[in-house]
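Student: The following file, coords.cif, comprises mmCIF, C-alpha atoms and all ligand atoms:
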data_work
loop_
_atom_site.label_atom_id
_atom_site.label_comp_id
_atom_site.auth_asym_id
_atom_site.auth_seq_id
_atom_site.Cartn_x
_atom_site.Cartn_y
_atom_site.Cartn_z
CA MET T 1 46.70 40.99 46.91
CA SER T 2 46.96 41.05 50.67
CA PHE T 3 48.02 44.17 52.51
CA PHE T 4 51.42 42.70 53.28
CA GLU T 5 52.24 41.84 49.67
CA GLU T 6 51.30 45.34 48.64
CA VAL T 7 53.46 46.97 51.29
CA PHE T 8 56.29 44.55 50.63
CA LEU T 9 56.39 45.48 46.93
CA LEU T 10 56.54 49.14 47.84
CA LEU T 11 59.34 48.58 50.36
CA GLN T 12 61.23 46.49 47.82
CA ASP T 13 60.93 49.29 45.30
CA LYS T 14 61.90 52.15 47.55
CA PHE T 15 64.25 50.69 50.10
CA GLY T 16 65.53 47.45 48.64
CA ALA T 17 63.79 45.27 51.18
CA ALA T 18 64.15 41.50 50.96
CA PRO T 19 61.96 38.70 52.24
CA ASP T 20 63.11 37.21 55.51
CA PRO T 21 64.32 33.64 54.93
CA SER T 22 63.73 32.67 58.55
CA ALA T 23 60.07 32.57 57.49
CA LEU T 24 58.40 34.65 60.13
CA ASP T 25 55.23 35.82 58.48
CA HIS T 26 54.97 39.51 57.56
CA SER T 27 58.67 39.91 58.12
CA VAL T 28 60.96 42.04 56.01
CA LEU T 29 64.74 42.31 55.91
CA ILE T 30 66.13 45.79 55.56
CA GLU T 31 69.52 47.45 55.66
CA ALA T 32 70.50 49.58 58.63
CA SER T 33 71.21 52.64 56.49
CA LYS T 34 67.68 52.60 55.03
CA LEU T 35 65.92 51.88 58.29
CA HIS T 36 65.01 55.39 59.33
CA SER T 37 63.49 56.44 56.01
CA CYS T 38 61.69 53.12 55.76
CA VAL T 39 60.10 53.47 59.21
CA SER T 40 59.16 57.05 58.44
CA PHE T 41 57.51 55.84 55.21
CA LEU T 42 55.62 53.13 57.07
CA LYS T 43 54.37 55.58 59.63
CA LYS T 44 53.35 58.44 57.39
CA GLU T 45 52.90 57.40 53.75
CA ALA T 46 52.26 53.69 53.41
CA PRO T 47 48.79 52.62 52.15
CA VAL T 48 48.19 51.05 55.58
CA LYS T 49 49.89 53.32 58.08
CA MET T 50 51.71 51.78 61.03
CA GLU T 51 50.89 54.06 63.94
CA VAL T 52 52.04 51.83 66.77
CA LEU T 53 55.48 50.49 67.53
CA LEU T 54 54.80 47.37 69.54
CA ASP T 55 58.30 46.27 70.37
CA ILE T 56 61.98 46.41 69.56
CA VAL T 57 63.72 43.08 69.97
CA GLY T 58 67.40 42.26 69.97
CA VAL T 59 68.62 38.86 68.79
CA ASP T 60 71.98 37.22 69.30
CA TYR T 61 72.50 34.33 66.87
CA LEU T 62 75.71 33.07 68.44
CA GLY T 63 75.51 29.27 68.51
CA TYR T 64 72.13 29.27 66.78
CA LEU T 65 71.57 26.07 64.80
CA HIS T 66 72.07 26.38 61.01
CA HIS T 67 72.48 30.12 61.18
CA GLU T 68 74.38 31.96 58.50
CA GLY T 69 75.12 35.62 58.34
CA PRO T 70 75.79 38.33 60.88
CA ARG T 71 75.59 37.66 64.58
CA PHE T 72 73.09 40.29 65.76
CA ALA T 73 69.70 41.38 64.59
CA VAL T 74 67.19 43.98 65.70
CA ILE T 75 63.52 43.39 64.97
CA TYR T 76 60.92 46.16 64.96
CA VAL T 77 57.29 45.13 65.32
CA PHE T 78 54.65 47.54 64.02
CA LYS T 79 50.92 47.54 64.21
CA SER T 80 48.32 49.57 62.40
CA LEU T 81 45.44 51.28 64.16
CA SER T 82 43.30 51.83 61.06
CA SER T 83 43.31 48.13 60.23
CA PRO T 84 44.18 46.45 63.52
CA GLN T 85 44.96 43.01 62.14
CA SER T 86 47.79 44.38 60.00
CA ARG T 87 51.20 43.98 61.48
CA ILE T 88 54.64 44.09 60.01
CA ARG T 89 58.12 43.25 61.22
CA LEU T 90 61.30 44.90 60.08
CA LYS T 91 64.50 43.02 60.69
CA VAL T 92 67.95 44.58 60.53
CA CYS T 93 71.00 42.30 60.57
CA LEU T 94 74.11 43.66 62.27
CA SER T 95 77.68 42.45 62.25
CA GLU T 96 79.53 41.81 65.48
CA ASP T 97 82.19 44.47 64.79
CA SER T 98 79.86 47.43 64.54
CA PRO T 99 76.40 46.73 65.92
CA GLN T 100 74.87 50.09 65.07
CA VAL T 101 71.45 51.20 63.88
CA PRO T 102 69.96 54.66 63.55
CA THR T 103 67.48 55.53 66.27
CA ILE T 104 63.79 55.87 65.50
CA SER T 105 62.98 57.55 68.79
CA ASP T 106 62.25 60.79 66.92
CA LEU T 107 59.42 59.02 65.09
CA TYR T 108 58.05 56.94 67.96
CA PRO T 109 58.69 58.33 71.47
CA ILE T 110 58.26 54.85 72.98
CA ALA T 111 61.32 53.72 71.04
CA ASN T 112 63.44 55.73 73.47
CA TRP T 113 63.13 53.22 76.30
CA GLN T 114 62.88 50.18 74.05
CA GLU T 115 66.16 51.10 72.41
CA ARG T 116 67.72 51.68 75.80
CA GLU T 117 66.68 48.20 76.84
CA VAL T 118 68.14 46.59 73.71
CA TYR T 119 71.34 48.58 74.25
CA ASP T 120 71.47 47.45 77.87
CA GLN T 121 70.94 43.76 77.18
CA TYR T 122 72.74 43.33 73.84
CA GLY T 123 75.14 46.25 73.52
CA ILE T 124 73.65 47.41 70.24
CA HIS T 125 74.20 51.12 69.69
CA PHE T 126 71.45 53.37 68.44
CA GLU T 127 73.00 56.32 66.65
CA GLY T 128 71.39 59.66 67.45
CA HIS T 129 69.57 58.39 70.53
CA PRO T 130 69.08 61.32 72.92
CA ASP T 131 69.93 59.43 76.13
CA LEU T 132 71.45 56.00 75.59
CA ARG T 133 71.85 54.74 79.17
CA ARG T 134 71.20 51.35 80.70
CA LEU T 135 67.57 50.73 81.52
CA LEU T 136 67.31 47.51 83.53
CA ASN T 137 70.78 46.77 84.82
CA HIS T 138 72.60 48.98 87.25
CA VAL T 139 75.23 51.56 86.41
CA GLU T 140 78.19 49.49 87.55
CA PHE T 141 77.23 46.51 85.43
CA LYS T 142 79.91 45.38 82.96
CA GLY T 143 78.95 43.61 79.76
CA HIS T 144 75.58 42.84 78.25
CA PRO T 145 73.81 39.95 79.95
CA LEU T 146 71.59 38.67 77.15
CA ARG T 147 74.50 38.17 74.79
CA LYS T 148 75.04 34.45 74.46
CA ASP T 149 78.67 34.68 75.52
CA TYR T 150 77.82 36.34 78.84
CA PRO T 151 78.13 33.71 81.61
CA VAL T 152 74.60 33.43 83.01
CA HIS T 153 75.74 33.06 86.59
CA GLN T 154 78.22 35.89 86.58
CA ARG T 155 76.81 38.16 89.27
CA GLN T 156 77.80 41.78 89.68
CA TRP T 157 77.27 43.74 92.87
CA LEU T 158 76.15 47.31 92.87
CA SER T 159 77.96 49.26 95.58
CA THR T 160 75.59 52.18 95.93
CA ASN T 161 72.31 53.09 94.37
CA ASP T 162 72.08 55.55 91.49
CA PHE T 163 71.95 59.24 92.20
CA LEU T 164 69.14 60.36 89.96
CA LEU T 165 68.63 63.94 91.10
CA ASP T 166 70.29 65.40 88.00
CA VAL T 167 67.97 63.48 85.71
CA LEU T 168 64.97 64.43 87.80
CA GLU T 169 65.86 68.11 87.83
CA ALA T 170 66.53 68.16 84.10
CA ARG T 171 63.09 66.68 83.52
CA LEU T 172 61.43 69.18 85.85
CA GLU T 173 63.14 72.06 84.08
CA GLU T 174 62.03 70.66 80.76
CA LYS T 175 58.46 70.89 81.99
CA GLY T 176 58.86 74.53 82.93
CA TYR T 177 59.69 74.26 86.61
CA LYS T 178 62.59 76.17 88.09
CA ILE T 179 64.91 74.85 90.75
CA LEU T 180 65.30 77.58 93.35
CA GLU T 181 66.99 75.71 96.15
CA ARG T 182 68.14 72.26 97.05
CA SER T 183 68.01 70.73 100.46
CA LYS T 184 71.53 69.93 101.63
CA GLU T 185 70.45 66.47 102.65
CA VAL T 186 69.84 65.31 99.11
CA LEU T 187 73.27 66.27 97.82
CA PRO T 188 75.72 63.40 97.67
CA ASN T 189 78.35 64.33 100.16
CA ASP T 190 80.78 61.64 99.05
CA ASP T 191 81.61 59.99 102.38
CA GLU T 192 78.18 60.21 103.80
CA TYR T 193 76.53 59.02 100.65
CA LEU T 194 78.71 55.95 100.63
CA THR T 195 78.01 54.81 104.19
CA GLY T 196 75.64 51.95 104.05
CA SER T 197 76.72 51.00 100.58
CA ILE T 198 77.77 47.50 99.73
CA GLN T 199 81.52 47.30 99.51
CA LYS T 200 83.04 43.96 98.65
CA MET K 201 77.98 33.04 142.47
CA THR K 202 77.58 35.31 145.46
CA THR K 203 74.34 36.20 147.17
CA LYS K 204 74.65 39.76 145.97
CA ASN K 205 74.59 38.71 142.33
CA GLN K 206 71.57 36.54 142.83
CA GLU K 207 69.65 39.41 144.28
CA ALA K 208 70.49 41.48 141.25
CA ASN K 209 69.38 38.66 138.98
CA ILE K 210 65.88 38.64 140.33
CA PHE K 211 65.55 42.31 139.54
CA THR K 212 67.01 42.19 136.02
CA SER K 213 65.06 39.19 134.82
CA SER K 214 61.77 40.74 135.80
CA LEU K 215 62.58 43.97 133.98
CA ASP K 216 63.64 41.89 131.00
CA PHE K 217 60.32 40.13 131.13
CA LEU K 218 58.43 43.39 131.14
CA VAL K 219 60.41 44.90 128.27
CA ASN K 220 60.20 41.74 126.18
CA TRP K 221 56.50 41.42 126.82
CA GLY K 222 56.05 44.93 125.46
CA ARG K 223 58.33 44.36 122.50
CA LYS K 224 56.97 41.05 121.37
CA ASN K 225 53.37 42.19 121.41
CA SER K 226 53.94 45.29 119.35
CA LEU K 227 56.18 44.15 116.50
CA TRP K 228 55.43 46.72 113.85
CA PRO K 229 56.45 45.47 110.44
CA PHE K 230 57.98 47.49 107.65
CA PRO K 231 56.74 45.72 104.50
CA TYR K 232 59.55 45.73 101.98
CA GLY K 233 57.39 44.20 99.30
CA THR K 234 59.03 43.92 95.90
CA ALA K 235 57.10 41.07 94.31
CA CYS K 236 54.28 38.56 94.65
CA CYS K 237 55.03 37.60 98.28
CA ALA K 238 53.90 41.06 99.33
CA ILE K 239 50.40 40.19 98.13
CA GLU K 240 50.35 37.24 100.49
CA PHE K 241 51.41 39.53 103.31
CA MET K 242 48.44 41.75 102.50
CA SER K 243 46.11 38.83 103.00
CA SER K 244 47.69 38.18 106.39
CA GLU K 245 46.65 41.70 107.27
CA THR K 246 43.02 41.15 106.37
CA ALA K 247 40.24 40.32 108.79
CA ARG K 248 40.29 36.66 107.80
CA TYR K 249 43.78 36.06 109.21
CA ASP K 250 43.97 39.17 111.36
CA LEU K 251 47.55 40.07 112.10
CA SER K 252 46.40 42.56 114.73
CA ARG K 253 45.69 39.85 117.27
CA ILE K 254 49.42 39.60 117.91
CA GLY K 255 49.77 43.36 117.94
CA SER K 256 51.38 43.79 114.53
CA GLU K 257 48.60 45.52 112.68
CA TYR K 258 50.45 48.81 112.40
CA VAL K 259 52.27 48.50 109.15
CA ARG K 260 54.75 51.34 109.12
CA PHE K 261 56.06 52.65 105.85
CA THR K 262 59.01 54.35 107.42
CA PRO K 263 62.04 52.54 108.81
CA ARG K 264 62.19 54.95 111.76
CA GLN K 265 59.03 53.65 113.34
CA SER K 266 59.16 49.94 112.65
CA ASP K 267 60.67 46.94 114.41
CA VAL K 268 60.56 44.15 111.86
CA LEU K 269 61.90 44.49 108.34
CA LEU K 270 59.74 42.16 106.32
CA VAL K 271 61.46 41.48 103.01
CA ALA K 272 58.76 39.99 100.81
CA GLY K 273 59.87 39.51 97.26
CA THR K 274 62.73 39.29 94.83
CA ILE K 275 65.77 41.43 95.57
CA THR K 276 67.88 42.34 92.56
CA TYR K 277 71.40 43.68 92.60
CA LYS K 278 70.03 47.07 91.68
CA GLN K 279 67.77 46.95 94.72
CA ALA K 280 70.37 45.62 97.18
CA PRO K 281 71.98 48.93 98.32
CA ILE K 282 68.53 50.39 98.91
CA LEU K 283 67.55 47.46 101.11
CA LYS K 284 70.76 47.79 103.05
CA ARG K 285 70.21 51.49 103.59
CA ILE K 286 66.64 50.93 104.79
CA TYR K 287 67.92 48.35 107.25
CA GLU K 288 70.52 50.75 108.56
CA GLN K 289 67.94 53.46 109.01
CA MET K 290 65.87 51.32 111.35
CA ALA K 291 66.20 52.00 115.05
CA GLU K 292 67.36 49.21 117.37
CA PRO K 293 66.05 46.78 118.37
CA ARG K 294 65.31 45.51 114.88
CA TRP K 295 64.59 42.13 113.39
CA VAL K 296 64.46 40.85 109.83
CA ILE K 297 62.16 38.28 108.27
CA ALA K 298 62.97 36.94 104.80
CA MET K 299 59.62 35.92 103.36
CA GLY K 300 59.51 33.46 100.49
CA ALA K 301 62.01 31.57 98.39
CA CYS K 302 63.21 34.67 96.56
CA ALA K 303 64.22 36.67 99.61
CA SER K 304 65.68 33.61 101.34
CA SER K 305 67.73 32.17 98.50
CA GLY K 306 67.00 33.89 95.23
CA GLY K 307 64.39 31.25 94.46
CA PHE K 308 64.26 30.11 90.88
CA TYR K 309 65.86 33.32 89.67
CA ASP K 310 69.25 31.72 89.39
CA CYS K 311 70.72 34.35 87.12
CA TYR K 312 72.84 37.44 86.67
CA CYS K 313 70.44 39.91 88.26
CA THR K 314 69.03 38.41 91.47
CA VAL K 315 70.70 38.40 94.88
CA PRO K 316 70.89 34.77 96.07
CA GLY K 317 69.39 35.41 99.47
CA ILE K 318 69.27 38.68 101.39
CA ASP K 319 71.54 37.25 104.07
CA HIS K 320 74.35 38.32 101.72
CA ILE K 321 73.51 41.91 102.60
CA ILE K 322 71.82 42.08 106.01
CA PRO K 323 71.46 39.73 109.00
CA VAL K 324 68.24 37.71 108.92
CA ASP K 325 66.38 36.34 111.96
CA ILE K 326 63.70 34.19 110.35
CA PHE K 327 63.46 32.61 106.91
CA ILE K 328 60.09 31.52 105.55
CA GLY K 329 60.05 28.95 102.76
CA GLY K 330 57.40 28.72 100.07
CA CYS K 331 56.59 30.45 96.85
CA PRO K 332 54.64 32.28 98.11
CA PRO K 333 54.33 31.19 101.76
CA ARG K 334 50.76 30.96 102.97
CA PRO K 335 49.63 33.41 105.67
CA GLU K 336 49.78 30.49 108.11
CA SER K 337 53.52 30.17 107.55
CA PHE K 338 53.87 33.87 107.95
CA PHE K 339 52.10 33.66 111.31
CA ASP K 340 54.33 30.78 112.27
CA ALA K 341 57.32 33.01 111.58
CA MET K 342 55.83 35.81 113.64
CA PHE K 343 55.28 33.44 116.60
CA GLU K 344 58.82 32.19 116.23
CA LEU K 345 60.06 35.75 116.22
CA GLN K 346 58.03 36.47 119.35
CA ASN K 347 59.74 33.54 121.07
CA LYS K 348 63.06 34.87 119.96
CA VAL K 349 62.28 38.34 121.27
CA ALA K 350 61.15 36.85 124.58
CA ASP K 351 64.54 35.15 124.92
CA GLU K 352 66.52 38.33 124.51
CA SER K 353 67.79 40.20 127.54
CA TYR K 354 67.32 43.92 127.50
CA MET K 355 69.55 44.40 130.54
CA LYS K 356 72.35 42.35 129.05
CA GLN K 357 72.22 44.28 125.80
CA ARG K 358 72.19 47.50 127.75
CA ALA K 359 75.19 46.41 129.81
CA GLU K 360 77.03 45.45 126.63
CA ARG K 361 76.23 48.76 125.03
CA LEU K 362 77.40 50.56 128.15
CA ARG K 363 80.60 48.57 128.22
CA GLU K 364 81.23 49.41 124.57
CA GLN K 365 80.66 53.07 125.28
CA VAL K 366 82.95 53.02 128.30
CA GLU K 367 85.64 51.25 126.31
CA ALA K 368 85.32 53.78 123.52
CA LEU K 369 85.61 56.58 126.07
CA GLN K 370 88.68 55.00 127.65
CA GLU K 371 90.32 54.66 124.24
CA LYS K 372 89.55 58.24 123.51
CA SER K 373 90.92 59.50 126.83
CA LYS K 374 94.05 57.40 126.34
CA ALA K 375 94.54 58.93 122.94
CA CYS K 376 93.96 62.38 124.43
CA VAL K 377 96.51 61.83 127.15
CA ALA K 378 99.04 60.50 124.66
CA SER K 379 98.60 63.45 122.35
CA ALA K 380 98.81 65.88 125.29
CA GLN K 381 102.05 64.26 126.42
CA ASP K 382 103.38 64.47 122.90
CA TYR K 383 102.45 68.09 122.73
CA ALA K 384 104.03 68.87 126.07
CA LYS K 385 107.21 67.07 125.09
CA ASN K 386 107.42 68.85 121.77
CA THR K 387 106.79 72.27 123.23
CA SER K 388 109.24 71.78 126.05
CA GLU K 389 111.86 70.62 123.58
CA ASN K 390 111.14 73.58 121.38
CA LEU K 391 111.25 75.87 124.36
CA SER K 392 114.53 74.53 125.65
CA ASN K 393 115.97 74.73 122.14
CA THR K 394 115.02 78.34 121.77
CA VAL K 395 116.26 79.17 125.27
CA ARG K 396 119.54 77.39 124.57
CA SER K 397 120.04 79.21 121.28
CA LYS K 398 119.20 82.53 122.91
CA VAL K 399 121.61 81.92 125.77
CA SER K 400 124.41 80.88 123.43
CA LYS K 401 123.74 83.95 121.31
CA ALA K 402 123.92 86.14 124.38
CA LEU K 403 127.13 84.44 125.49
CA ASN K 404 128.56 84.96 122.03
CA THR K 405 127.78 88.65 122.03
CA ILE K 406 129.26 88.95 125.51
CA SER K 407 132.47 87.21 124.52
CA LEU K 408 132.64 89.31 121.34
CA LYS K 409 132.31 92.50 123.40
CA LYS K 410 134.97 91.26 125.78
CA GLY K 411 137.31 90.54 122.88
CA SER K 412 136.83 94.00 121.39
S1 LIG Y 1 59.09 33.47 96.44
FE1 LIG Y 1 57.58 33.12 94.82
S2 LIG Y 1 55.81 34.32 95.45
FE2 LIG Y 1 57.56 35.07 96.63
S3 LIG Y 1 58.40 36.79 95.48
FE3 LIG Y 1 59.50 34.97 94.84
S4 LIG Y 1 58.40 34.26 93.04
FE4 LIG Y 1 57.03 35.65 94.12
#
Could you quickly redo this structure as structure tokens?
Ligand code: SF4
Tutor:
Amino acid sequence: MSFFEEVFLLLQDKFGAAPDPSALDHSVLIEASKLHSCVSFLKKEAPVKMEVLLDIVGVDYLGYLHHEGPRFAVIYVFKSLSSPQSRIRLKVCLSEDSPQVPTISDLYPIANWQEREVYDQYGIHFEGHPDLRRLLNHVEFKGHPLRKDYPVHQRQWLSTNDFLLDVLEARLEEKGYKILERSKEVLPNDDEYLTGSIQK
Amino acid sequence: MTTKNQEANIFTSSLDFLVNWGRKNSLWPFPYGTACCAIEFMSSETARYDLSRIGSEYVRFTPRQSDVLLVAGTITYKQAPILKRIYEQMAEPRWVIAMGACASSGGFYDCYCTVPGIDHIIPVDIFIGGCPPRPESFFDAMFELQNKVADESYMKQRAERLREQVEALQEKSKACVASAQDYAKNTSENLSNTVRSKVSKALNTISLKKGS
């Protein structure tokens, strides 16, 4: 019995996993509600432990040929360090009305940014994520550009660049630094901060 | 044209020549490199191509000290306000070169996130085609820019600037005079009103006293 068959049987037993009909090898379908416990099992208890989260991928099946079922999917790709050729994919199907999955950023810190990216591009919400902001697109962007119904050529101007001092200071304080004083020049004095911005 | 003007012309054109000679042989670039084109710019800097022979070897990483904004790479919408701000921080005279297909037109990034040419945001003097342009094309653009700089008239620009300043001053003084007149009119009206009311009051009291 190969490693995958073994793990698959376990997942089927514990979390009601199903084989993925779209026939990606080493791919498993799982329900959103069971995702967190399943990932935790894969990381800590499985016979071959999955220590690395390689990627989180969003999929929009709108207009996909011969597709049945919900519109969105999120795919998690894991890799093991103890036996490096072992990989496994978890796929969660999500309906269009409530595209929500629990976050796994408490298990894998890298999932924080990967989930932010999927949220940014597909509008899929990750419940319990500590900081679900856009990652690649700018703050004034409306919509989610990798959804198939987003017009590819619809361009959106950003009027002024992000003010990231709050985020920076929060991170410094987290690391044990203390903010004693701020230079006046870095504070966004509304009018001044907006000169030089792009106003259409 | 009178003889007087012609005399002046001889003087101004020679000063222009001197200033332009200085400017065009010390064009310090600010490399705004955001993608692969910046790598090609680096090779223009190397000994093989040797940018310093036209006096542009001082790459300045601050907009305050540079003359040419060299936009080498893809500009996204997220990047656009930053580019604009950098341009506005540069001291005059300033020139802009858009290096490569991406900076000139968006290139093959025909999508939701890339600005289709930086001329949507800032004025551009020279566009260089190519993906990426070879250092030779970059040099060609620099020579072209030198020609352009040589054609500019420092004295004319100065005169225009002066005229603008004088006009602004005149506007301001006009506004000052108008507001002063307004003020004077208002105060005098107020004054006369108060005086009139006081006088009528006094008259009233007098007539009242008379009556009693
Ligand atoms: S024009 Fe080509 S080489 Fe230059 S930044 Fe764009 S993709 Fe890169």
Student: With a cut-off of 7 Å and counting all atoms listed in the file, select all residues of chain K in contact with chain T and give the selection as a short mmCIF file (atom, residue, chain, number, x, y, z; two decimals) with C-alpha atoms, in the coordinates of the input.
Tutor:
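Below is the file that was written, out-v4.cif:
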data_model
loop_
_atom_site.label_atom_id
_atom_site.label_comp_id
_atom_site.auth_asym_id
_atom_site.auth_seq_id
_atom_site.Cartn_x
_atom_site.Cartn_y
_atom_site.Cartn_z
CA TYR K 277 71.40 43.68 92.60
CA LYS K 278 70.03 47.07 91.68
CA PRO K 281 71.98 48.93 98.32
CA ILE K 282 68.53 50.39 98.91
CA LYS K 284 70.76 47.79 103.05
CA ARG K 285 70.21 51.49 103.59
CA GLU K 288 70.52 50.75 108.56
CA CYS K 311 70.72 34.35 87.12
CA TYR K 312 72.84 37.44 86.67
CA CYS K 313 70.44 39.91 88.26
#
Student: Please provide as a list in words all residues within 10 Å of Asp267 of chain K, with the sequence filter that same-chain residues fewer than 6 positions apart are discarded (counting only C-alpha atoms).
Tutor: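 Skipping anything fewer than 6 positions along the chain leaves Arg223, Lys224, Ser226, Leu227, Trp228, Pro229, Phe230, Ser256, Arg260, Met290, Ala291, Glu292, Pro293, Arg294, Trp295 and Val296 of chain K.
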Student: Counting all atoms listed in the file, what are the residues, protein, DNA or RNA alike, that approach ligand LIG 1 (chain Y) to within 7 Å? I want them as a ChimeraX atom specification.
Tutor: /K:235-237,272-274,300-303,307,330-332
Student: Just the number, please: distance in Å from atom CA of Pro263 of chain K to atom CA of Trp221 of chain K, one decimal.
Tutor: 21.9 Å
Student: Could you tell me how far atom CA of Leu62 of chain T sits from atom CA of Arg89 of chain T, in Å to one decimal place?
Tutor: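 So the answer is 21.6 Å.
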Student: Write out as a PyMOL selection string each polymer residue whose atoms come within 12 Å of Cys38 of chain T, counting all atoms listed in the file; drop sequence neighbours fewer than 2 positions from it.
Tutor: chain T and resi 7-8+10-17+28-36+40-46+50+76+89-92+102+104+107
Student: Would you list the contacts of Ser305 of chain K as a PyMOL selection string, taking every protein, DNA or RNA residue within 12 Å and counting only C-alpha atoms, but skipping same-chain residues closer than 6 positions in sequence?
Tutor: chain K and resi 273-276+298-299+311+314-320+324+327-331
Student: Of the candidates K:Leu251, K:Leu270, K:Ile286, K:Ala280, which shows the shortest atom-to-atom distance to Glu336 of chain K, using only C-alpha atoms?
Tutor: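 Distance minimum relative to Glu336 of chain K lands on K:Leu251.
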Student: Report the distance between atom CA of Leu283 of chain K and atom CA of Ala238 of chain K in Å, rounded to one decimal place.
Tutor: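 So the two atoms, atom CA of Leu283 of chain K and atom CA of Ala238 of chain K, lie 15.2 Å apart.
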Student: I'd like the neighbourhood of Asp55 of chain T as a list in words, where a residue qualifies if any of its atoms comes within 12 Å (using only C-alpha atoms), though same-chain residues fewer than 6 positions away should be ignored.
Tutor: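 Everything that qualifies: Val74, Ile75, Tyr76, Val77, Phe78, Lys79, Arg87, Ile88, Arg89, Leu90, Lys91, Tyr108, Ile110, Ala111, Asn112, Trp113, Gln114, Glu115, Glu117 and Val118 of chain T.
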Student: Include C-alpha atoms and write out the residues we just selected as a PDB file, keeping the file's coordinate frame.
Tutor:
ATOM      1  CA  VAL T  74      67.190  43.980  65.700  1.00  0.00           C
ATOM      2  CA  ILE T  75      63.520  43.390  64.970  1.00  0.00           C
ATOM      3  CA  TYR T  76      60.920  46.160  64.960  1.00  0.00           C
ATOM      4  CA  VAL T  77      57.290  45.130  65.320  1.00  0.00           C
ATOM      5  CA  PHE T  78      54.650  47.540  64.020  1.00  0.00           C
ATOM      6  CA  LYS T  79      50.920  47.540  64.210  1.00  0.00           C
ATOM      7  CA  ARG T  87      51.200  43.980  61.480  1.00  0.00           C
ATOM      8  CA  ILE T  88      54.640  44.090  60.010  1.00  0.00           C
ATOM      9  CA  ARG T  89      58.120  43.250  61.220  1.00  0.00           C
ATOM     10  CA  LEU T  90      61.300  44.900  60.080  1.00  0.00           C
ATOM     11  CA  LYS T  91      64.500  43.020  60.690  1.00  0.00           C
ATOM     12  CA  TYR T 108      58.050  56.940  67.960  1.00  0.00           C
ATOM     13  CA  ILE T 110      58.260  54.850  72.980  1.00  0.00           C
ATOM     14  CA  ALA T 111      61.320  53.720  71.040  1.00  0.00           C
ATOM     15  CA  ASN T 112      63.440  55.730  73.470  1.00  0.00           C
ATOM     16  CA  TRP T 113      63.130  53.220  76.300  1.00  0.00           C
ATOM     17  CA  GLN T 114      62.880  50.180  74.050  1.00  0.00           C
ATOM     18  CA  GLU T 115      66.160  51.100  72.410  1.00  0.00           C
ATOM     19  CA  GLU T 117      66.680  48.200  76.840  1.00  0.00           C
ATOM     20  CA  VAL T 118      68.140  46.590  73.710  1.00  0.00           C
TER      21      VAL T 118
END
Student: Between K:Asn225, K:Thr234, K:Gln346, K:Gln279, which is the closest to Arg253 of chain K once you count all atoms listed in the file?
Tutor: K:Asn225
Student: Env of Phe241 of chain K: 9 Å cut, atoms = only C-alpha atoms, seq-sep filter 5 positions within chain, self excluded. Answer as a list in words.
Tutor: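 Neighbouring residues, sequence-local ones excluded: Pro231, Gly233, Ala272, Met299, Pro333, Arg334, Pro335 and Phe338 of chain K.
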Student: For segment 368-378 of chain K, which lacks atoms in the input, supply N, CA and C atoms and format the output as a JSON list (two decimals), keeping the file's coordinate frame.
Tutor:
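Full text of result-v2.json as output:
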[["chain", "number", "residue", "atom", "x", "y", "z"],
["K", 368, "ALA", "N", 85.04, 52.75, 124.52],
["K", 368, "ALA", "CA", 85.32, 53.78, 123.52],
["K", 368, "ALA", "C", 85.83, 55.04, 124.19],
["K", 369, "LEU", "N", 85.19, 55.38, 125.34],
["K", 369, "LEU", "CA", 85.61, 56.58, 126.07],
["K", 369, "LEU", "C", 87.04, 56.44, 126.57],
["K", 370, "GLN", "N", 87.33, 55.24, 127.13],
["K", 370, "GLN", "CA", 88.68, 55.00, 127.65],
["K", 370, "GLN", "C", 89.72, 55.15, 126.55],
["K", 371, "GLU", "N", 89.39, 54.54, 125.38],
["K", 371, "GLU", "CA", 90.32, 54.66, 124.24],
["K", 371, "GLU", "C", 90.58, 56.12, 123.93],
["K", 372, "LYS", "N", 89.47, 56.85, 123.89],
["K", 372, "LYS", "CA", 89.55, 58.24, 123.51],
["K", 372, "LYS", "C", 90.42, 59.00, 124.51],
["K", 373, "SER", "N", 90.16, 58.75, 125.82],
["K", 373, "SER", "CA", 90.92, 59.50, 126.83],
["K", 373, "SER", "C", 92.40, 59.14, 126.76],
["K", 374, "LYS", "N", 92.65, 57.82, 126.49],
["K", 374, "LYS", "CA", 94.05, 57.40, 126.34],
["K", 374, "LYS", "C", 94.72, 58.17, 125.21],
["K", 375, "ALA", "N", 94.00, 58.23, 124.10],
["K", 375, "ALA", "CA", 94.54, 58.93, 122.94],
["K", 375, "ALA", "C", 94.79, 60.39, 123.28],
["K", 376, "CYS", "N", 93.83, 60.98, 124.03],
["K", 376, "CYS", "CA", 93.96, 62.38, 124.43],
["K", 376, "CYS", "C", 95.21, 62.59, 125.27],
["K", 377, "VAL", "N", 95.36, 61.71, 126.27],
["K", 377, "VAL", "CA", 96.51, 61.83, 127.15],
["K", 377, "VAL", "C", 97.81, 61.72, 126.36],
["K", 378, "ALA", "N", 97.84, 60.72, 125.46],
["K", 378, "ALA", "CA", 99.04, 60.50, 124.66],
["K", 378, "ALA", "C", 99.36, 61.74, 123.84]]
